[in-house]
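Chemist: Supplied structure: target_30.cif, mmCIF, C-alpha atoms and all ligand atoms.
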data_start
loop_
_atom_site.group_PDB
_atom_site.id
_atom_site.type_symbol
_atom_site.label_atom_id
_atom_site.label_comp_id
_atom_site.auth_asym_id
_atom_site.auth_seq_id
_atom_site.Cartn_x
_atom_site.Cartn_y
_atom_site.Cartn_z
ATOM 1 C CA MET W 1 -4.315 -19.746 -10.675
ATOM 2 C CA LYS W 2 -4.173 -19.665 -6.860
ATOM 3 C CA ILE W 3 -4.994 -16.133 -5.722
ATOM 4 C CA LEU W 4 -4.420 -14.703 -2.237
ATOM 5 C CA HIS W 5 -6.273 -11.430 -1.514
ATOM 6 C CA LEU W 6 -5.219 -9.416 1.535
ATOM 7 C CA ILE W 7 -7.671 -6.787 2.790
ATOM 8 C CA SER W 8 -6.334 -4.170 5.210
ATOM 9 C CA SER W 9 -8.875 -1.334 5.217
ATOM 10 C CA PRO W 10 -11.038 -1.212 8.349
ATOM 11 C CA ARG W 11 -13.899 0.307 6.304
ATOM 12 C CA GLY W 12 -15.565 -2.895 5.175
ATOM 13 C CA ALA W 13 -17.656 -2.716 1.994
ATOM 14 C CA GLU W 14 -17.096 1.080 1.747
ATOM 15 C CA SER W 15 -13.358 0.588 1.251
ATOM 16 C CA ILE W 16 -11.963 1.899 -2.016
ATOM 17 C CA SER W 17 -8.793 -0.213 -1.819
ATOM 18 C CA LEU W 18 -11.070 -3.257 -1.405
ATOM 19 C CA LYS W 19 -13.190 -2.278 -4.428
ATOM 20 C CA LEU W 20 -10.045 -1.862 -6.524
ATOM 21 C CA GLY W 21 -8.562 -5.064 -5.082
ATOM 22 C CA ASN W 22 -11.776 -6.948 -5.889
ATOM 23 C CA ALA W 23 -11.633 -5.647 -9.473
ATOM 24 C CA ILE W 24 -8.058 -6.958 -9.801
ATOM 25 C CA VAL W 25 -9.153 -10.350 -8.418
ATOM 26 C CA GLU W 26 -12.106 -10.486 -10.847
ATOM 27 C CA LYS W 27 -9.867 -9.737 -13.831
ATOM 28 C CA LEU W 28 -7.415 -12.416 -12.707
ATOM 29 C CA GLN W 29 -10.292 -14.904 -12.398
ATOM 30 C CA VAL W 30 -11.594 -14.076 -15.887
ATOM 31 C CA ALA W 31 -8.096 -14.395 -17.364
ATOM 32 C CA ASN W 32 -7.456 -17.653 -15.480
ATOM 33 C CA PRO W 33 -10.625 -19.802 -15.419
ATOM 34 C CA GLY W 34 -10.757 -22.255 -12.522
ATOM 35 C CA SER W 35 -8.739 -19.999 -10.225
ATOM 36 C CA THR W 36 -9.005 -20.494 -6.477
ATOM 37 C CA LEU W 37 -9.254 -17.572 -4.069
ATOM 38 C CA VAL W 38 -8.165 -17.232 -0.434
ATOM 39 C CA THR W 39 -9.268 -13.934 1.129
ATOM 40 C CA LYS W 40 -7.728 -12.694 4.371
ATOM 41 C CA ASP W 41 -9.303 -9.689 6.058
ATOM 42 C CA LEU W 42 -6.438 -8.388 8.196
ATOM 43 C CA ALA W 43 -8.640 -5.675 9.718
ATOM 44 C CA LEU W 44 -11.286 -8.135 10.915
ATOM 45 C CA ASN W 45 -8.795 -10.817 11.930
ATOM 46 C CA PRO W 46 -5.581 -8.939 12.762
ATOM 47 C CA PHE W 47 -2.237 -10.609 13.216
ATOM 48 C CA PRO W 48 -0.729 -9.768 16.626
ATOM 49 C CA HIS W 49 1.938 -7.091 16.832
ATOM 50 C CA LEU W 50 5.292 -8.776 17.257
ATOM 51 C CA GLU W 51 5.967 -9.398 20.936
ATOM 52 C CA GLU W 52 8.992 -10.998 22.556
ATOM 53 C CA VAL W 53 7.379 -14.436 22.425
ATOM 54 C CA HIS W 54 6.936 -14.218 18.621
ATOM 55 C CA VAL W 55 10.498 -13.062 17.990
ATOM 56 C CA THR W 56 11.854 -15.776 20.315
ATOM 57 C CA SER W 57 9.779 -18.386 18.489
ATOM 58 C CA PHE W 58 11.235 -17.272 15.134
ATOM 59 C CA PHE W 59 14.807 -17.746 16.356
ATOM 60 C CA THR W 60 14.367 -20.970 18.350
ATOM 61 C CA PRO W 61 14.613 -24.317 16.511
ATOM 62 C CA ALA W 62 11.152 -25.944 16.278
ATOM 63 C CA GLU W 63 12.250 -29.042 18.221
ATOM 64 C CA GLN W 64 13.089 -26.790 21.197
ATOM 65 C CA HIS W 65 9.753 -24.960 21.204
ATOM 66 C CA SER W 66 7.881 -24.833 24.501
ATOM 67 C CA PRO W 67 4.064 -25.042 24.186
ATOM 68 C CA GLU W 68 4.025 -21.212 24.440
ATOM 69 C CA LEU W 69 6.522 -20.766 21.576
ATOM 70 C CA ALA W 70 4.731 -23.402 19.466
ATOM 71 C CA GLU W 71 1.508 -21.426 19.879
ATOM 72 C CA ALA W 72 3.190 -18.090 19.157
ATOM 73 C CA ILE W 73 4.687 -19.185 15.839
ATOM 74 C CA LYS W 74 1.406 -20.503 14.424
ATOM 75 C CA HIS W 75 0.380 -17.120 12.961
ATOM 76 C CA SER W 76 3.628 -16.836 11.060
ATOM 77 C CA ASP W 77 3.651 -20.461 9.869
ATOM 78 C CA GLU W 78 0.075 -20.135 8.594
ATOM 79 C CA ALA W 79 0.738 -16.835 6.804
ATOM 80 C CA ILE W 80 3.912 -18.153 5.169
ATOM 81 C CA ALA W 81 2.181 -21.377 4.039
ATOM 82 C CA GLU W 82 -0.631 -19.347 2.406
ATOM 83 C CA LEU W 83 1.881 -17.023 0.777
ATOM 84 C CA MET W 84 4.017 -19.865 -0.594
ATOM 85 C CA ASP W 85 0.933 -21.640 -1.932
ATOM 86 C CA ALA W 86 -0.336 -18.562 -3.812
ATOM 87 C CA GLU W 87 0.622 -17.755 -7.388
ATOM 88 C CA ALA W 88 -0.869 -14.247 -7.409
ATOM 89 C CA ILE W 89 -1.136 -11.995 -4.370
ATOM 90 C CA VAL W 90 -3.475 -8.989 -4.370
ATOM 91 C CA ILE W 91 -2.624 -6.578 -1.552
ATOM 92 C CA ASP W 92 -5.066 -3.809 -0.608
ATOM 93 C CA ALA W 93 -2.960 -0.943 0.743
ATOM 94 C CA PRO W 94 -4.957 2.151 1.686
ATOM 95 C CA VAL W 95 -2.969 5.198 2.767
ATOM 96 C CA TYR W 96 -3.502 5.883 6.469
ATOM 97 C CA ASN W 97 -1.301 8.649 7.824
ATOM 98 C CA PHE W 98 1.192 8.263 4.988
ATOM 99 C CA GLN W 99 1.627 4.517 5.475
ATOM 100 C CA ILE W 100 -0.047 1.151 5.149
ATOM 101 C CA PRO W 101 -2.480 0.247 7.946
ATOM 102 C CA SER W 102 -0.707 -1.331 10.908
ATOM 103 C CA THR W 103 -2.704 -4.522 10.297
ATOM 104 C CA LEU W 104 -0.904 -5.008 6.966
ATOM 105 C CA LYS W 105 2.436 -4.189 8.617
ATOM 106 C CA ALA W 106 1.684 -6.821 11.281
ATOM 107 C CA TRP W 107 1.098 -9.434 8.540
ATOM 108 C CA ILE W 108 4.401 -8.441 6.902
ATOM 109 C CA ASP W 109 6.163 -8.798 10.277
ATOM 110 C CA HIS W 110 4.930 -12.391 10.428
ATOM 111 C CA ILE W 111 6.028 -13.376 6.906
ATOM 112 C CA CYS W 112 9.607 -12.059 7.158
ATOM 113 C CA ARG W 113 11.461 -15.069 8.580
ATOM 114 C CA ALA W 114 15.140 -15.929 8.096
ATOM 115 C CA ASN W 115 15.618 -19.260 6.298
ATOM 116 C CA LYS W 116 11.887 -19.424 5.501
ATOM 117 C CA THR W 117 11.223 -16.414 3.294
ATOM 118 C CA PHE W 118 14.739 -14.990 3.006
ATOM 119 C CA SER W 119 18.274 -16.141 3.717
ATOM 120 C CA TYR W 120 21.718 -14.638 3.955
ATOM 121 C CA SER W 121 24.595 -16.117 1.998
ATOM 122 C CA ALA W 122 28.101 -14.954 1.137
ATOM 123 C CA ASN W 123 26.521 -13.127 -1.784
ATOM 124 C CA GLY W 124 24.160 -11.186 0.483
ATOM 125 C CA PRO W 125 20.441 -11.611 1.148
ATOM 126 C CA GLU W 126 18.337 -13.877 -1.038
ATOM 127 C CA GLY W 127 14.543 -13.831 -1.219
ATOM 128 C CA LEU W 128 12.965 -17.290 -1.033
ATOM 129 C CA VAL W 129 9.423 -16.331 -2.130
ATOM 130 C CA LYS W 130 9.832 -16.661 -5.857
ATOM 131 C CA GLY W 131 7.660 -16.857 -8.952
ATOM 132 C CA LYS W 132 4.756 -14.797 -7.566
ATOM 133 C CA LYS W 133 2.791 -12.076 -9.301
ATOM 134 C CA VAL W 134 1.917 -9.299 -6.880
ATOM 135 C CA TYR W 135 -0.754 -6.645 -7.454
ATOM 136 C CA VAL W 136 -1.054 -3.727 -5.031
ATOM 137 C CA SER W 137 -4.275 -1.720 -4.695
ATOM 138 C CA ILE W 138 -3.488 1.691 -3.204
ATOM 139 C CA SER W 139 -6.240 4.162 -2.281
ATOM 140 C CA SER W 140 -5.515 7.658 -1.004
ATOM 141 C CA GLY W 141 -7.163 10.984 -0.415
ATOM 142 C CA GLY W 142 -4.201 12.790 -1.949
ATOM 143 C CA ILE W 143 -2.107 12.206 -5.063
ATOM 144 C CA TYR W 144 1.282 10.582 -4.527
ATOM 145 C CA SER W 145 2.231 9.013 -7.868
ATOM 146 C CA HIS W 146 3.336 12.401 -9.225
ATOM 147 C CA GLY W 147 3.268 16.084 -8.294
ATOM 148 C CA PRO W 148 4.203 17.903 -5.095
ATOM 149 C CA MET W 149 3.223 15.044 -2.723
ATOM 150 C CA LYS W 150 5.390 12.419 -4.474
ATOM 151 C CA PRO W 151 8.161 12.712 -1.838
ATOM 152 C CA TYR W 152 5.545 11.549 0.678
ATOM 153 C CA ASP W 153 4.821 8.337 -1.245
ATOM 154 C CA PHE W 154 6.224 5.914 1.314
ATOM 155 C CA ILE W 155 3.926 2.986 0.527
ATOM 156 C CA GLU W 156 5.019 1.944 -2.966
ATOM 157 C CA PRO W 157 8.783 2.158 -2.201
ATOM 158 C CA TYR W 158 8.267 0.325 1.089
ATOM 159 C CA LEU W 159 6.229 -2.508 -0.417
ATOM 160 C CA ARG W 160 8.583 -2.871 -3.393
ATOM 161 C CA GLY W 161 11.487 -2.917 -0.924
ATOM 162 C CA VAL W 162 10.223 -5.435 1.596
ATOM 163 C CA LEU W 163 8.443 -7.734 -0.889
ATOM 164 C CA GLY W 164 11.440 -7.562 -3.238
ATOM 165 C CA PHE W 165 13.723 -8.510 -0.334
ATOM 166 C CA LEU W 166 11.597 -11.645 0.076
ATOM 167 C CA GLY W 167 11.899 -12.451 -3.647
ATOM 168 C CA MET W 168 8.646 -10.925 -4.924
ATOM 169 C CA THR W 169 9.868 -8.607 -7.656
ATOM 170 C CA ASP W 170 7.005 -8.925 -10.166
ATOM 171 C CA ILE W 171 4.867 -6.178 -8.626
ATOM 172 C CA THR W 172 2.194 -4.092 -10.350
ATOM 173 C CA VAL W 173 0.752 -1.114 -8.517
ATOM 174 C CA TYR W 174 -2.722 0.302 -9.189
ATOM 175 C CA ARG W 175 -3.904 3.487 -7.523
ATOM 176 C CA ALA W 176 -7.267 5.058 -6.835
ATOM 177 C CA GLU W 177 -5.765 8.347 -5.711
ATOM 178 C CA GLY W 178 -6.868 11.906 -5.195
ATOM 179 C CA LEU W 179 -10.103 10.633 -3.669
ATOM 180 C CA LYS W 180 -10.433 13.852 -1.660
ATOM 181 C CA VAL W 181 -9.339 16.124 -4.524
ATOM 182 C CA PRO W 182 -12.323 17.863 -6.165
ATOM 183 C CA GLY W 183 -12.536 17.044 -9.868
ATOM 184 C CA VAL W 184 -10.267 14.011 -9.438
ATOM 185 C CA GLY W 185 -11.792 11.933 -6.672
ATOM 186 C CA GLU W 186 -15.139 11.476 -8.415
ATOM 187 C CA HIS W 187 -13.554 9.320 -11.145
ATOM 188 C CA ALA W 188 -10.467 7.961 -9.360
ATOM 189 C CA LEU W 189 -11.783 4.453 -8.679
ATOM 190 C CA GLU W 190 -13.394 4.078 -12.101
ATOM 191 C CA ASN W 191 -10.180 5.210 -13.841
ATOM 192 C CA ALA W 192 -8.055 2.868 -11.734
ATOM 193 C CA ILE W 193 -10.316 -0.097 -12.532
ATOM 194 C CA ASP W 194 -10.238 0.756 -16.244
ATOM 195 C CA GLY W 195 -6.433 0.672 -16.130
ATOM 196 C CA ILE W 196 -6.147 -2.865 -14.748
ATOM 197 C CA VAL W 197 -4.214 -5.223 -17.006
ATOM 198 C CA VAL W 198 -3.476 -8.733 -15.703
HETATM 199 C C1 LIG Z 201 -7.380 7.850 9.667
HETATM 200 C C2 LIG Z 201 -7.187 8.222 8.237
HETATM 201 C C3 LIG Z 201 -5.945 8.608 7.800
HETATM 202 C C4 LIG Z 201 -5.746 8.967 6.469
HETATM 203 N N1 LIG Z 201 -4.506 9.361 6.064
HETATM 204 C C5 LIG Z 201 -4.318 9.736 4.781
HETATM 205 C C6 LIG Z 201 -3.039 10.166 4.340
HETATM 206 O O1 LIG Z 201 -2.069 10.223 5.062
HETATM 207 N N2 LIG Z 201 -2.921 10.524 3.041
HETATM 208 C C7 LIG Z 201 -3.967 10.481 2.153
HETATM 209 O O2 LIG Z 201 -3.787 10.806 0.991
HETATM 210 N N3 LIG Z 201 -5.187 10.046 2.550
HETATM 211 C C8 LIG Z 201 -5.373 9.677 3.829
HETATM 212 N N4 LIG Z 201 -6.608 9.251 4.228
HETATM 213 C C9 LIG Z 201 -7.668 9.070 3.228
HETATM 214 C C10 LIG Z 201 -7.707 7.601 2.807
HETATM 215 O O3 LIG Z 201 -6.508 7.216 2.186
HETATM 216 C C11 LIG Z 201 -8.859 7.364 1.847
HETATM 217 O O4 LIG Z 201 -10.078 7.618 2.537
HETATM 218 C C12 LIG Z 201 -8.888 5.955 1.299
HETATM 219 O O5 LIG Z 201 -10.086 5.748 0.596
HETATM 220 C C13 LIG Z 201 -8.768 4.916 2.408
HETATM 221 O O6 LIG Z 201 -8.788 3.619 1.824
HETATM 222 P P1 LIG Z 201 -10.035 2.659 2.061
HETATM 223 O O7 LIG Z 201 -11.221 3.343 1.415
HETATM 224 O O8 LIG Z 201 -9.657 1.384 1.396
HETATM 225 O O9 LIG Z 201 -10.211 2.511 3.534
HETATM 226 C C14 LIG Z 201 -6.824 8.896 5.554
HETATM 227 C C15 LIG Z 201 -8.082 8.490 6.001
HETATM 228 C C16 LIG Z 201 -8.267 8.158 7.322
HETATM 229 C C17 LIG Z 201 -9.623 7.705 7.782
#
Output the file's structure in the form of C-alpha cells.
Modeler:
Amino acid sequence: MKILHLISSPRGAESISLKLGNAIVEKLQVANPGSTLVTKDLALNPFPHLEEVHVTSFFTPAEQHSPELAEAIKHSDEAIAELMDAEAIVIDAPVYNFQIPSTLKAWIDHICRANKTFSYSANGPEGLVKGKKVYVSISSGGIYSHGPMKPYDFIEPYLRGVLGFLGMTDITVYRAEGLKVPGVGEHALENAIDGIVV
C-alpha cells in the first residue's frame, strides 16, 4: 500500500496529532506488508498561501505559462501527483483556534484544481481523486465529537466536505480529544490509539 502522511502540527515530536497519525501509519504498515510511506511535514516545509500568481497559473493553459507561472504551479503539481499516487492518506489535523492549522489549509488550496482534482459537468461537480482511503488524526484540548462544544466542531465537517468534493469519501476520523480536560486528557491519546482499526 502506498501511504501519504501529512503532518501539520508545528510542535514536532511533542505533537499529539503526529503521535496518533504515526500510530495509524504503523497499523496500516502492519496490515499491508511492503507498504511505502511518503511523509510531508507541512509545518516545516509550508506550501505558500495562494497569491495571484498561483491562481493565475491554475487557470492558464500550461503551454501559455511564462517562466514565473511555470514556477508558481510546481507546488500544486507536486502535491497533486503525490496525492494521486497514494492509496491511503493519513492527515494530522490538530485543532488550532477551532480550525486546522493554516499550513494544512495551504496544502488543500494547492490540491483543489479544476479539471485535475475535480470537474464540473451538466450533472454538477465531480471529484476526480477516487479510490483513496483517508484517515484523519484530530487532536484537541477540548471535546468536540459530542457534548456542548459539538457545534464548534468545524474540522471534521470541513475535511469531509472538501475531501469529499474532490472524490475522497472513504474517510475515517480518529480523535485524541479533551487533552486539556482533567480526567480525560491523561488517557485521550492512549484511548484513541486503542480504537484504531484499519
Ligand atoms: C495556538 C493554539 C490554539 C489552540 N486552539 C484550540 C482550540 O481552538 N480548541 C481546542 O480544543 N484546543 C486548542 N488548542 C489545544 C490543541 O488542540 C492541543 O494542544 C493539541 O494537542 C494540538 O495538537 P498537536 O499536539 O498535534 O500540536 C490550541 C493550542 C494552541 C497552541
Chemist: If we count only C-alpha atoms, what is near range 191-197 of chain W at a cut-off of 6 Å, once residues fewer than 3 positions away on the same chain are taken out, given as an MDAnalysis selection string?
Modeler: chainID W and resid 175:176 187:188
Chemist: Can you translate the PyMOL selection byres (((chain W and resi 69) around 10) and not hetatm) into the concrete residues it hits in this file, as a PyMOL selection string?
Modeler: chain W and resi 53-58+60+62+64-68+70-74
Chemist: Residues within 10 Å of ligand LIG 201 (chain Z), counting all atoms listed in the file: report them as a short mmCIF file (atom, residue, chain, number, x, y, z; two decimals) with C-alpha atoms, in the frame of the given file.
Modeler:
data_model
loop_
_atom_site.label_atom_id
_atom_site.label_comp_id
_atom_site.auth_asym_id
_atom_site.auth_seq_id
_atom_site.Cartn_x
_atom_site.Cartn_y
_atom_site.Cartn_z
CA ILE W 7 -7.67 -6.79 2.79
CA SER W 8 -6.33 -4.17 5.21
CA SER W 9 -8.88 -1.33 5.22
CA PRO W 10 -11.04 -1.21 8.35
CA ARG W 11 -13.90 0.31 6.30
CA GLY W 12 -15.56 -2.90 5.18
CA ALA W 13 -17.66 -2.72 1.99
CA GLU W 14 -17.10 1.08 1.75
CA SER W 15 -13.36 0.59 1.25
CA ILE W 16 -11.96 1.90 -2.02
CA SER W 17 -8.79 -0.21 -1.82
CA LEU W 18 -11.07 -3.26 -1.40
CA LYS W 19 -13.19 -2.28 -4.43
CA LEU W 20 -10.04 -1.86 -6.52
CA GLY W 21 -8.56 -5.06 -5.08
CA ASP W 92 -5.07 -3.81 -0.61
CA ALA W 93 -2.96 -0.94 0.74
CA PRO W 94 -4.96 2.15 1.69
CA VAL W 95 -2.97 5.20 2.77
CA TYR W 96 -3.50 5.88 6.47
CA ASN W 97 -1.30 8.65 7.82
CA PHE W 98 1.19 8.26 4.99
CA GLN W 99 1.63 4.52 5.48
CA ILE W 100 -0.05 1.15 5.15
CA PRO W 101 -2.48 0.25 7.95
CA SER W 137 -4.28 -1.72 -4.70
CA ILE W 138 -3.49 1.69 -3.20
CA SER W 139 -6.24 4.16 -2.28
CA SER W 140 -5.52 7.66 -1.00
CA GLY W 141 -7.16 10.98 -0.42
CA GLY W 142 -4.20 12.79 -1.95
CA ILE W 143 -2.11 12.21 -5.06
CA TYR W 144 1.28 10.58 -4.53
CA MET W 149 3.22 15.04 -2.72
CA TYR W 152 5.54 11.55 0.68
CA ASP W 153 4.82 8.34 -1.25
CA ALA W 176 -7.27 5.06 -6.84
CA GLU W 177 -5.76 8.35 -5.71
CA GLY W 178 -6.87 11.91 -5.20
CA LEU W 179 -10.10 10.63 -3.67
CA LYS W 180 -10.43 13.85 -1.66
CA VAL W 181 -9.34 16.12 -4.52
CA GLY W 185 -11.79 11.93 -6.67
CA LEU W 189 -11.78 4.45 -8.68
#
Chemist: Running the PyMOL selection byres (((chain W and resi 84) around 9) and not hetatm) on this model by hand, what would come out? Give it as a ChimeraX atom specification.
Modeler: /W:79-83,85-87,117,129-130,132
Chemist: Ranking W:Asp109, W:Lys40, W:Glu126, W:Lys133 by minimum distance to Lys2 in chain W and counting all atoms listed in the file, which one comes first?
Modeler: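 Closest to Lys2 in chain W, using all atoms listed in the file: W:Lys133.
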Chemist: Where's the centre, and what are the edge lengths in Å to one decimal, of a box along x, y and z enclosing all listed atoms of range 6-23 of chain W padded 6 Å per side, as JSON?
Modeler:
{"center_x": -11.4, "center_y": -3.8, "center_z": -0.6, "size_x": 24.4, "size_y": 23.3, "size_z": 29.8}
Chemist: Applied to this file, what does the PyMOL selection byres (((chain W and resi 25-33) around 9) and not hetatm) return in terms of residues, put as a list in words?
Modeler: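 Applied to this file, the PyMOL selection byres (((chain W and resi 25-33) around 9) and not hetatm) selects Met1, Ile3, Leu4, His5, Leu20, Gly21, Asn22, Ala23, Ile24, Gly34, Ser35, Thr36, Leu37, Ala88, Val90, Ile196, Val197 and Val198 of chain W.
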Chemist: Could you check how far CA of Phe59 in chain W sits from CA of Leu104 in chain W, in Å to one decimal?
Modeler: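 Separation of CA of Phe59 in chain W and CA of Leu104 in chain W: 22.3 Å.
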Chemist: Could you jot down the CA of Glu51 in chain W to CA of Ala114 in chain W separation for me, Å, one decimal place?
Modeler: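 According to the coordinates, CA of Glu51 in chain W and CA of Ala114 in chain W are separated by 17.1 Å.
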Chemist: What separation in Å, quoted to one decimal, exists between CA of Asn115 in chain W and CA of Asp170 in chain W?
Modeler: 21.3 Å
Chemist: Taking into account only C-alpha atoms, which residue in the set W:Ser145, W:Thr39, W:Pro151, W:Phe165 is nearest to Ile89 in chain W?
Modeler: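 Smallest distance to Ile89 in chain W is found for W:Thr39.
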Chemist: I need the residue nearest Gly131 in chain W from this list: W:Phe154, W:His146, W:Gly164, W:Lys105. Use all atoms listed in the file for the distance.
Modeler: W:Gly164
Chemist: For each of W:Ile171, W:Leu128, W:Pro61, W:Ser121, take the minimum atom-to-atom distance to Pro157 in chain W, counting all atoms listed in the file, then give the residue where this is smallest.
Modeler: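 Of W:Ile171, W:Leu128, W:Pro61, W:Ser121, the one nearest Pro157 in chain W, counting all atoms listed in the file, is W:Ile171.
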Chemist: Which residue gives the smallest distance to Leu6 in chain W among W:Glu52, W:Thr169, W:Trp107, W:Glu78, with all atoms listed in the file counted?
Modeler: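 The closest residue to Leu6 in chain W is W:Trp107.
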